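> Supplied in structure tokens, the structure appears directly below.
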Amino acid sequence: MNALFAENLVGPSISWLGISPLLVLLGGVCVLLLLGSIAPRWPKGSYCVFTVVVSLATAVAAMLQWHDVTKNGPKMLIADAVALDHFALLATITIAVSIALVSLITDDYLRREDYDGPEVYALYLTAAIGGVVMASSNDLIVLFLGLETLSLSLYLLAASHRKRAESQEAGLKYFVLGGFSSAFFLYGIALTYGSTGSTNLSKIASALSGDSPFSQIDAMLLVGIGLMLVGLAFKVSAVPFHVWTPDVYEGAPSPVTAFMASAGKIASFAALLRVLVVAFPTRIDDWRPAIWVLAVLTLLAGSILAVVQTNVKRMLAFSSISHAGFLLVGVEAAGHVGDKDALAAVLTYLLLYAVLVIGSFAVVTVVAGKGDSQTTLDDFRGLGKRRPAMALALTVFLLAQAGMPATSGFIAKFGVIKAAAEVQSYSIAIIAMLAAVIAAFLYLRIMVSVWLADSTDDTKLAIPTGAGIAITLAAIFTIVVGVYPGWLLDATRMVSHLATIAVQAVDPASQTPAG
Amino acid sequence: MHEHISFPILSAIVFLPIIGALLVTLLSDRRPEWVKLCAILFSVGTGALSLWVLASFKSSSADFQFVSQHDWIKAWGISWHLGVDGISLFLVALTGVLFPLVILGIDPHHDQKRYFAWLLLLEAGVMGSFLSLDLVLFFLFFEIVLVPMYFLIGGWGYDNRVYAATKFFLFTMFGSAFMLVGIVATAALARHDVGYLTFDLVTLAEHASFATNTGRWLFFSFAIAFAVKVPLFPFHTWLPDAHTQAPTGGSVILAGVMLKLGTYGFLRFGLYLFPEAAVWARPLFLTLATIGIVYGAIAATMQTDLKRLVAYSSVAHLGFIVLGIFAMTSQAITGGVAQMINHGVSTGALFLLVGMIYERRHTREIAQLRGIQKVAPIFAAAFTVVMLSSIGVPGLNGFVGEFLVLIGSFQTARWWTIIATTGVILAALYLLWAYQRVFHGEPDEDNSTFAELKLREGMVLMVFIGIIGFTGLYPKPMLDRIEPSVDKLIEHVVSHSEFMPPAEMELEK
């Protein structure tokens, strides 16, 4: 660090263009909060429209740099603390798209539940800032800042339905447990710093590489890695750190649950990959077995526990745990020498799953009705008769989550299984596929309620415009990607390619500050 | 191999039913006759195309014909590769014929729009499975057929339909779980030999060579999926439930073509991709097949439900096909392929007839049926012909396949064949006994009003009986088209393993 500041004590130079997605988000938050509190209530739906515009602008800002990164290679920004590569950009785009879709669901929800206002949207954007920082951080402290920004926003969001006791309970539970996990993570950072002398991921990696004196110190470093894993495993809701997930997912307002399951997961997995792959490439033999165990536990527990649930939100919570297991299979594959596919596979999975889960929760939001409480399997009975188009969309989402071919879910699963098979992790791939079969039972149960059970309630459900748009877009995306995934895979393939170079480019970067 | 015609007829066969399904979904519920007309038109159109393929198929060629190949997912080496050879030709034709018959001949009773849409989607899936020459493409269709079938059983089946549909879905998906990993691993490991990542069946089969143990593992990952689908003995428990609870149309399709996805898969992907492993695993599969034959027959004898009886008879019949495949002689495999078609026709027709009995009497319990021959002689006659074909009486189609299987298997799998032959006798026992109980005797009060065959039902049955009679009396055109491809497959197996075909066969040639 000293070498870095020796010549210039003013502070690191900042590439404003490079962090433009973050700036757009930050600007959006400020405008929402300031104008939202000063100006009288905005016209109906304009908070939502504003958030959608901001998030799309974020996505555009990220896309604008895509080409630049393709041409000039990945860069390090702000004193090597933030990485600008395809991985970070794609994660940013995915998070931005998630907010846009979630905002569409939220619009009518807030009016239905009678607490319309700018706060929830502002929190979405703040959480997104945290998520983007996590996905692009190259420094443990910066990563922790992002993590806390995301988490605090999520705690508030979970408790945002002030009139519902379950929502309050969810917020509190999440806050207490999340605080614990953050503490674990922070202690892990401290120990890692202690054993490597840096919090910068690239520098940690070079400190641990062959000839460095740090590469010999083991116990403290391993505890540090372990504690950081605990913290991140909590965030991605890996078993056995998953206990908060069903309660929080069930209690939180449905659109917020969609947000946690999409944007929250993307950010956490991106951070997990960054830490493990960038900082500890020399220690893959240490962390890979841990990920293996986490993945298997998560896959099996997530799928098996889902089977006995009767509340759809809870079912989807357990299914999200099971999906986290699938993603961990990809992370495990990233821990093999010679792996090329895993990063792209995990990120693609996250992107596709985000759309699926938002679509599913959009339907749940509509069915849940006023009070956000009609979410049991019985409440879904006869949906096929009452709202055939929406029921069909839900079926598409569920089949995709089960990994049926011709949907995006298959492409996601195939990518991860392929990444695992390429590095010959066959056993975990088979366990993952078998867990998918168990999880399929859960989706079938929802479909049985929707299509094959008789309705107890024949009233027509009103589908609000925003949710309708979100469901339609998500369903079309699911099918289109399932049938014609080439374009998406070509884009995500860049991720793995250049992210690997970003990892290898660590060594020179630590000697000459970039920027 | 590219034909002089440029029209991608196989792609059309896959896409036509999908378009039909979409159209049916979009049509208004208020005009049910249009919905039905649309479903009929698209299924008949697909059927006509498949018959056209049958007619213009070059019978002497063993290669894939009407090939259509395009990149699909280039990043992963997955291509849209369709083709038909002697092994898949008749399965495609059978699929093309069965679906219009089911749509024409059987009423769904409620929600006919969704019913037809699912049926057409199912047709596309089945066709795609039989035509695919790319592993992932095959997996896609193989797996996708579960969805329409699940909804057909669950939506239009009988009392215990949801349980049966779920069991069917999960069992089959369990098998596919292994196959998907196997498919990916096959392509990943073959990359070294082939030079690039590809899932193309022909490329992999011709260029990839796996270490002995690896090949065996991979073979088993495929074999589990197919064994569940067939179903082979220990994996068969989903079948009686699915068959019994499925609506008649679903049962006809399930027995007629969907079970063949398993046996076809063994031939196309098991033997062709992993010849060494398949030869190595012969004793296991011959044993399971033989157990299936005897067990299925005994279980069928003891059923009190007519539909369940037919379902168990399928387990036995499919056992013969697997026996033929793993006997690996030209006659046995040719017989196995022929038996796939014949079983599809005769068991399909049996399910149709049992469905008609249920329509009239609202029961399938054998004990409650009696003396139907007296009140409905034409119906009884049709049942007799179909039943005799299922038993394998000479002169009808069932005999051709079963006889070839037995005679071919006797050369390489003698003891298994001897035990399997008892299955033929048992088949006569359970079917004739069932016939006696249902059709003979004096009809009691409930059965005395049993309605005679209606014109529409008769027309549909005539098609089945026509095929039964024609194939039974003159199987040559069929066998001539099957045999070259089978011989080529055996040649491939022999050149890639230590398996030696029996000497007698060589002399015969």
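FYI, nothing fancy with the structure tokens labels: chains A, B, ... in order, residues from 1 per chain, ligands from 1 as they appear.
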Run DSSP on the backbone and tell me which residues of segment 338-457 of chain A come out as alpha helix (DSSP H); list them as a PyMOL selection string.

chain A and resi 342-368+383-386+388-401+408-422+426-447

> List the spatial neighbours of segment 66-74 of chain A as an MDAnalysis selection string - criterion: any atom at most 7 Å away, only C-alpha atoms, same-chain residues fewer than 3 positions off excluded.

chainID A and resid 62:63 84:86 89 502

> Could you dump the residues just selected with N, CA and C atoms as a PDB file, in the first residue's frame?


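Wrote out.pdb, looks like this:
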ATOM      1  N   ALA A  62     -23.463   0.146 -18.550  1.00  0.00           N
ATOM      2  CA  ALA A  62     -22.593  -1.033 -18.487  1.00  0.00           C
ATOM      3  C   ALA A  62     -22.322  -1.587 -19.879  1.00  0.00           C
ATOM      4  N   MET A  63     -23.364  -1.583 -20.714  1.00  0.00           N
ATOM      5  CA  MET A  63     -23.190  -2.135 -22.064  1.00  0.00           C
ATOM      6  C   MET A  63     -22.209  -1.294 -22.878  1.00  0.00           C
ATOM      7  N   LEU A  84     -12.976  -3.748 -13.554  1.00  0.00           N
ATOM      8  CA  LEU A  84     -13.892  -3.518 -14.656  1.00  0.00           C
ATOM      9  C   LEU A  84     -13.625  -4.604 -15.695  1.00  0.00           C
ATOM     10  N   ASP A  85     -14.424  -5.653 -15.668  1.00  0.00           N
ATOM     11  CA  ASP A  85     -14.268  -6.712 -16.665  1.00  0.00           C
ATOM     12  C   ASP A  85     -15.653  -7.175 -17.103  1.00  0.00           C
ATOM     13  N   HIS A  86     -15.671  -8.116 -18.020  1.00  0.00           N
ATOM     14  CA  HIS A  86     -16.963  -8.579 -18.532  1.00  0.00           C
ATOM     15  C   HIS A  86     -17.826  -9.176 -17.436  1.00  0.00           C
ATOM     16  N   LEU A  89     -19.414  -6.407 -15.574  1.00  0.00           N
ATOM     17  CA  LEU A  89     -20.404  -5.713 -16.410  1.00  0.00           C
ATOM     18  C   LEU A  89     -21.657  -6.550 -16.570  1.00  0.00           C
ATOM     19  N   ALA A 502      -8.272 -11.493 -16.465  1.00  0.00           N
ATOM     20  CA  ALA A 502      -8.288 -10.537 -15.361  1.00  0.00           C
ATOM     21  C   ALA A 502      -7.652 -11.156 -14.133  1.00  0.00           C
TER      22      ALA A 502
END

> Go through segment 31-132 of chain A and flag each residue having an atom no more than 12 Å from segment 191-207 of chain A; for those, report the closest pair of atoms plus their distance in Å to one decimal, using only C-alpha atoms, ordered by chain and rising number, as CSV.


residue,atom,partner,partner_atom,distance
A:Met76,CA,A:Ser202,CA,10.2
A:Ile78,CA,A:Asn200,CA,11.8
A:Ala79,CA,A:Asn200,CA,9.7
A:Asp80,CA,A:Asn200,CA,7.5
A:Ala81,CA,A:Asn200,CA,6.8
A:Val82,CA,A:Asn200,CA,9.7
A:Ala83,CA,A:Ser202,CA,10.2

> Enumerate, in order of chain and increasing residue number, the residues of chain A with an atom no farther than 8 Å from chain B, each with its shortest atom pair and distance in Å to one decimal, counting only C-alpha atoms, as a Markdown table.


| residue | atom | partner | partner_atom | distance |
| --- | --- | --- | --- | --- |
| A:Met404 | CA | B:Ile144 | CA | 6.6 |
| A:Pro405 | CA | B:Leu140 | CA | 5.1 |
| A:Ala406 | CA | B:Leu140 | CA | 7.0 |
| A:Ile417 | CA | B:Val181 | CA | 6.8 |
| A:Lys418 | CA | B:Val184 | CA | 5.8 |
| A:Ala421 | CA | B:Ala185 | CA | 5.4 |
| A:Glu422 | CA | B:Ala188 | CA | 5.8 |
| A:Gln424 | CA | B:Ala185 | CA | 7.8 |
| A:Tyr426 | CA | B:Val181 | CA | 7.3 |
| A:Ala429 | CA | B:Val181 | CA | 6.6 |
| A:Ile430 | CA | B:Phe178 | CA | 6.2 |
| A:Met433 | CA | B:Ala177 | CA | 5.0 |
| A:Leu434 | CA | B:Ala177 | CA | 6.0 |
| A:Val437 | CA | B:Phe174 | CA | 5.9 |
| A:Ile438 | CA | B:Leu170 | CA | 7.8 |
| A:Ala440 | CA | B:Leu170 | CA | 7.4 |
| A:Phe441 | CA | B:Leu170 | CA | 7.1 |
| A:Leu444 | CA | B:Thr166 | CA | 7.2 |
| A:Val448 | CA | B:Val162 | CA | 7.4 |
| A:Trp451 | CA | B:Gly155 | CA | 7.7 |
| A:Leu452 | CA | B:Gly155 | CA | 5.8 |
| A:Tyr484 | CA | B:Ile73 | CA | 7.4 |
| A:Pro485 | CA | B:Ile73 | CA | 6.6 |
| A:Gly486 | CA | B:Ile73 | CA | 5.1 |
| A:Leu489 | CA | B:Ala75 | CA | 6.6 |
| A:Asp490 | CA | B:Ala75 | CA | 6.5 |

> Limited to C-alpha atoms, could you put the picked residues into a file as a compact mmCIF listing (two decimals), in the first residue's frame?


# COMPACT_ATOMS: atom_id res chain seq x y z
CA MET A 404 -37.08 -28.83 -18.80
CA PRO A 405 -35.53 -28.51 -22.26
CA ALA A 406 -36.71 -25.73 -24.57
CA ILE A 417 -23.41 -29.56 -15.65
CA LYS A 418 -21.15 -29.08 -18.64
CA ALA A 421 -18.27 -32.53 -16.49
CA GLU A 422 -15.44 -30.73 -18.27
CA GLN A 424 -14.62 -34.36 -14.37
CA TYR A 426 -19.15 -36.25 -12.31
CA ALA A 429 -23.09 -33.32 -11.42
CA ILE A 430 -25.15 -36.46 -10.89
CA MET A 433 -29.35 -33.71 -11.47
CA LEU A 434 -30.95 -36.05 -8.95
CA VAL A 437 -35.60 -34.53 -9.96
CA ILE A 438 -36.61 -34.21 -6.30
CA ALA A 440 -39.28 -31.23 -9.84
CA PHE A 441 -41.80 -32.83 -7.51
CA LEU A 444 -45.30 -30.47 -10.14
CA VAL A 448 -51.22 -29.75 -9.98
CA TRP A 451 -54.23 -26.93 -13.50
CA LEU A 452 -55.57 -30.15 -12.09
CA TYR A 484 -32.44 -20.05 -29.33
CA PRO A 485 -29.72 -19.52 -26.73
CA GLY A 486 -26.82 -18.91 -29.12
CA LEU A 489 -24.07 -17.88 -24.80
CA ASP A 490 -21.83 -15.99 -27.20

> For atom CA of Trp287 of chain A and atom CA of Ala420 of chain A, quote the distance in Å rounded to one decimal.

16.0 Å

> Do you know which residues are at most 12 Å from Leu232 of chain B counting only C-alpha atoms, after dropping those on the same chain fewer than 3 positions away, and could you put them as a CSV table (one decimal) with N, CA and C atoms, in the first residue's frame?


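File result.csv, as written:
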chain,number,residue,atom,x,y,z
B,175,GLY,N,-34.3,-41.2,-14.5
B,175,GLY,CA,-33.4,-41.8,-15.5
B,175,GLY,C,-32.7,-40.8,-16.3
B,223,ALA,N,-28.1,-46.1,-20.2
B,223,ALA,CA,-28.9,-47.2,-20.1
B,223,ALA,C,-30.0,-47.1,-19.0
B,224,ILE,N,-29.7,-46.3,-17.9
B,224,ILE,CA,-30.7,-46.1,-16.9
B,224,ILE,C,-31.9,-45.4,-17.4
B,225,ALA,N,-31.6,-44.3,-18.2
B,225,ALA,CA,-32.7,-43.6,-18.7
B,225,ALA,C,-33.6,-44.4,-19.6
B,226,PHE,N,-32.9,-45.2,-20.4
B,226,PHE,CA,-33.7,-46.1,-21.4
B,226,PHE,C,-34.4,-47.2,-20.6
B,227,ALA,N,-33.8,-47.8,-19.6
B,227,ALA,CA,-34.4,-48.9,-18.8
B,227,ALA,C,-35.6,-48.4,-18.1
B,228,VAL,N,-35.6,-47.1,-17.6
B,228,VAL,CA,-36.8,-46.6,-17.0
B,228,VAL,C,-37.9,-46.4,-18.1
B,229,LYS,N,-37.5,-46.0,-19.2
B,229,LYS,CA,-38.5,-45.6,-20.2
B,229,LYS,C,-39.1,-46.9,-20.8
B,235,PHE,N,-37.4,-51.3,-12.9
B,235,PHE,CA,-37.9,-49.9,-13.1
B,235,PHE,C,-39.3,-49.7,-13.6
B,236,HIS,N,-40.0,-50.8,-13.6
B,236,HIS,CA,-41.3,-50.8,-14.3
B,236,HIS,C,-42.5,-50.3,-13.6
B,237,THR,N,-42.3,-50.0,-12.3
B,237,THR,CA,-43.5,-49.8,-11.4
B,237,THR,C,-44.3,-48.6,-11.8
B,238,TRP,N,-43.7,-47.7,-12.6
B,238,TRP,CA,-44.5,-46.5,-13.0
B,238,TRP,C,-45.5,-46.9,-14.0
B,239,LEU,N,-45.2,-47.9,-14.8
B,239,LEU,CA,-46.0,-48.2,-16.0
B,239,LEU,C,-47.4,-48.6,-15.8
B,259,LEU,N,-43.1,-45.9,-25.2
B,259,LEU,CA,-42.3,-46.9,-24.6
B,259,LEU,C,-41.1,-47.2,-25.5
B,260,LYS,N,-41.3,-47.1,-26.8
B,260,LYS,CA,-40.3,-47.4,-27.8
B,260,LYS,C,-39.1,-46.4,-27.7
B,262,GLY,N,-37.5,-45.9,-25.3
B,262,GLY,CA,-36.4,-46.6,-24.5
B,262,GLY,C,-35.7,-47.6,-25.3
B,263,THR,N,-36.5,-48.5,-26.0
B,263,THR,CA,-35.8,-49.5,-26.8
B,263,THR,C,-35.1,-48.9,-28.0
B,266,PHE,N,-31.8,-47.6,-26.7
B,266,PHE,CA,-30.8,-48.6,-26.6
B,266,PHE,C,-30.1,-48.9,-27.9
B,284,LEU,N,-26.4,-58.9,-18.3
B,284,LEU,CA,-27.3,-58.2,-17.4
B,284,LEU,C,-28.6,-57.9,-18.0
B,285,PHE,N,-28.5,-57.3,-19.2
B,285,PHE,CA,-29.8,-56.9,-19.9
B,285,PHE,C,-30.6,-58.0,-20.4
B,286,LEU,N,-29.9,-59.1,-20.9
B,286,LEU,CA,-30.7,-60.3,-21.3
B,286,LEU,C,-31.4,-60.8,-20.1
B,287,THR,N,-30.8,-60.9,-18.9
B,287,THR,CA,-31.4,-61.4,-17.7
B,287,THR,C,-32.6,-60.5,-17.3
B,288,LEU,N,-32.4,-59.2,-17.3
B,288,LEU,CA,-33.5,-58.3,-16.9
B,288,LEU,C,-34.6,-58.4,-17.9
B,289,ALA,N,-34.3,-58.5,-19.2
B,289,ALA,CA,-35.4,-58.7,-20.2
B,289,ALA,C,-36.1,-60.0,-19.9
B,290,THR,N,-35.4,-61.0,-19.7
B,290,THR,CA,-36.1,-62.3,-19.5
B,290,THR,C,-37.0,-62.3,-18.2
B,291,ILE,N,-36.4,-61.7,-17.1
B,291,ILE,CA,-37.2,-61.5,-15.9
B,291,ILE,C,-38.5,-60.7,-16.3
B,292,GLY,N,-38.3,-59.6,-17.0
B,292,GLY,CA,-39.5,-58.8,-17.4
B,292,GLY,C,-40.5,-59.6,-18.2
B,293,ILE,N,-40.0,-60.5,-19.1
B,293,ILE,CA,-41.0,-61.3,-19.9
B,293,ILE,C,-41.8,-62.2,-19.0
B,294,VAL,N,-41.1,-62.9,-18.1
B,294,VAL,CA,-41.9,-63.9,-17.3
B,294,VAL,C,-42.7,-63.2,-16.2
B,295,TYR,N,-42.0,-62.2,-15.6
B,295,TYR,CA,-42.7,-61.4,-14.5
B,295,TYR,C,-43.9,-60.7,-15.1
B,296,GLY,N,-43.7,-60.0,-16.2
B,296,GLY,CA,-44.8,-59.3,-16.8
B,296,GLY,C,-46.0,-60.2,-17.1
B,312,TYR,N,-49.4,-54.7,-18.0
B,312,TYR,CA,-48.4,-55.7,-17.6
B,312,TYR,C,-48.0,-56.5,-18.8
B,314,SER,N,-47.6,-55.3,-21.6
B,314,SER,CA,-46.6,-54.5,-22.3
B,314,SER,C,-45.2,-54.7,-21.7
B,315,VAL,N,-45.1,-54.9,-20.4
B,315,VAL,CA,-43.8,-55.2,-19.7
B,315,VAL,C,-43.2,-56.4,-20.4
B,316,ALA,N,-44.0,-57.4,-20.5
B,316,ALA,CA,-43.6,-58.7,-21.1
B,316,ALA,C,-43.1,-58.5,-22.6
B,317,HIS,N,-43.9,-57.8,-23.3
B,317,HIS,CA,-43.6,-57.6,-24.8
B,317,HIS,C,-42.4,-56.8,-25.0
B,318,LEU,N,-42.2,-55.8,-24.1
B,318,LEU,CA,-41.0,-54.9,-24.3
B,318,LEU,C,-39.8,-55.7,-23.9
B,319,GLY,N,-40.0,-56.7,-23.0
B,319,GLY,CA,-38.9,-57.6,-22.6
B,319,GLY,C,-38.4,-58.3,-23.8
B,320,PHE,N,-39.3,-58.8,-24.7
B,320,PHE,CA,-38.8,-59.5,-25.9
B,320,PHE,C,-38.0,-58.5,-26.8
B,321,ILE,N,-38.4,-57.3,-26.9
B,321,ILE,CA,-37.6,-56.4,-27.7
B,321,ILE,C,-36.2,-56.2,-27.2
B,322,VAL,N,-36.1,-56.0,-25.8
B,322,VAL,CA,-34.8,-55.8,-25.3
B,322,VAL,C,-34.0,-57.1,-25.4
B,323,LEU,N,-34.6,-58.3,-25.3
B,323,LEU,CA,-33.9,-59.5,-25.5
B,323,LEU,C,-33.3,-59.5,-26.9

> Can you tell me which residues surround Ala190 of chain B at a distance of at most 9 Å, considering only C-alpha atoms, apart from same-chain residues fewer than 4 positions away, and format the answer as an NGL selection string?

:B and (185-186 or 194-198 or 204 or 207-210)
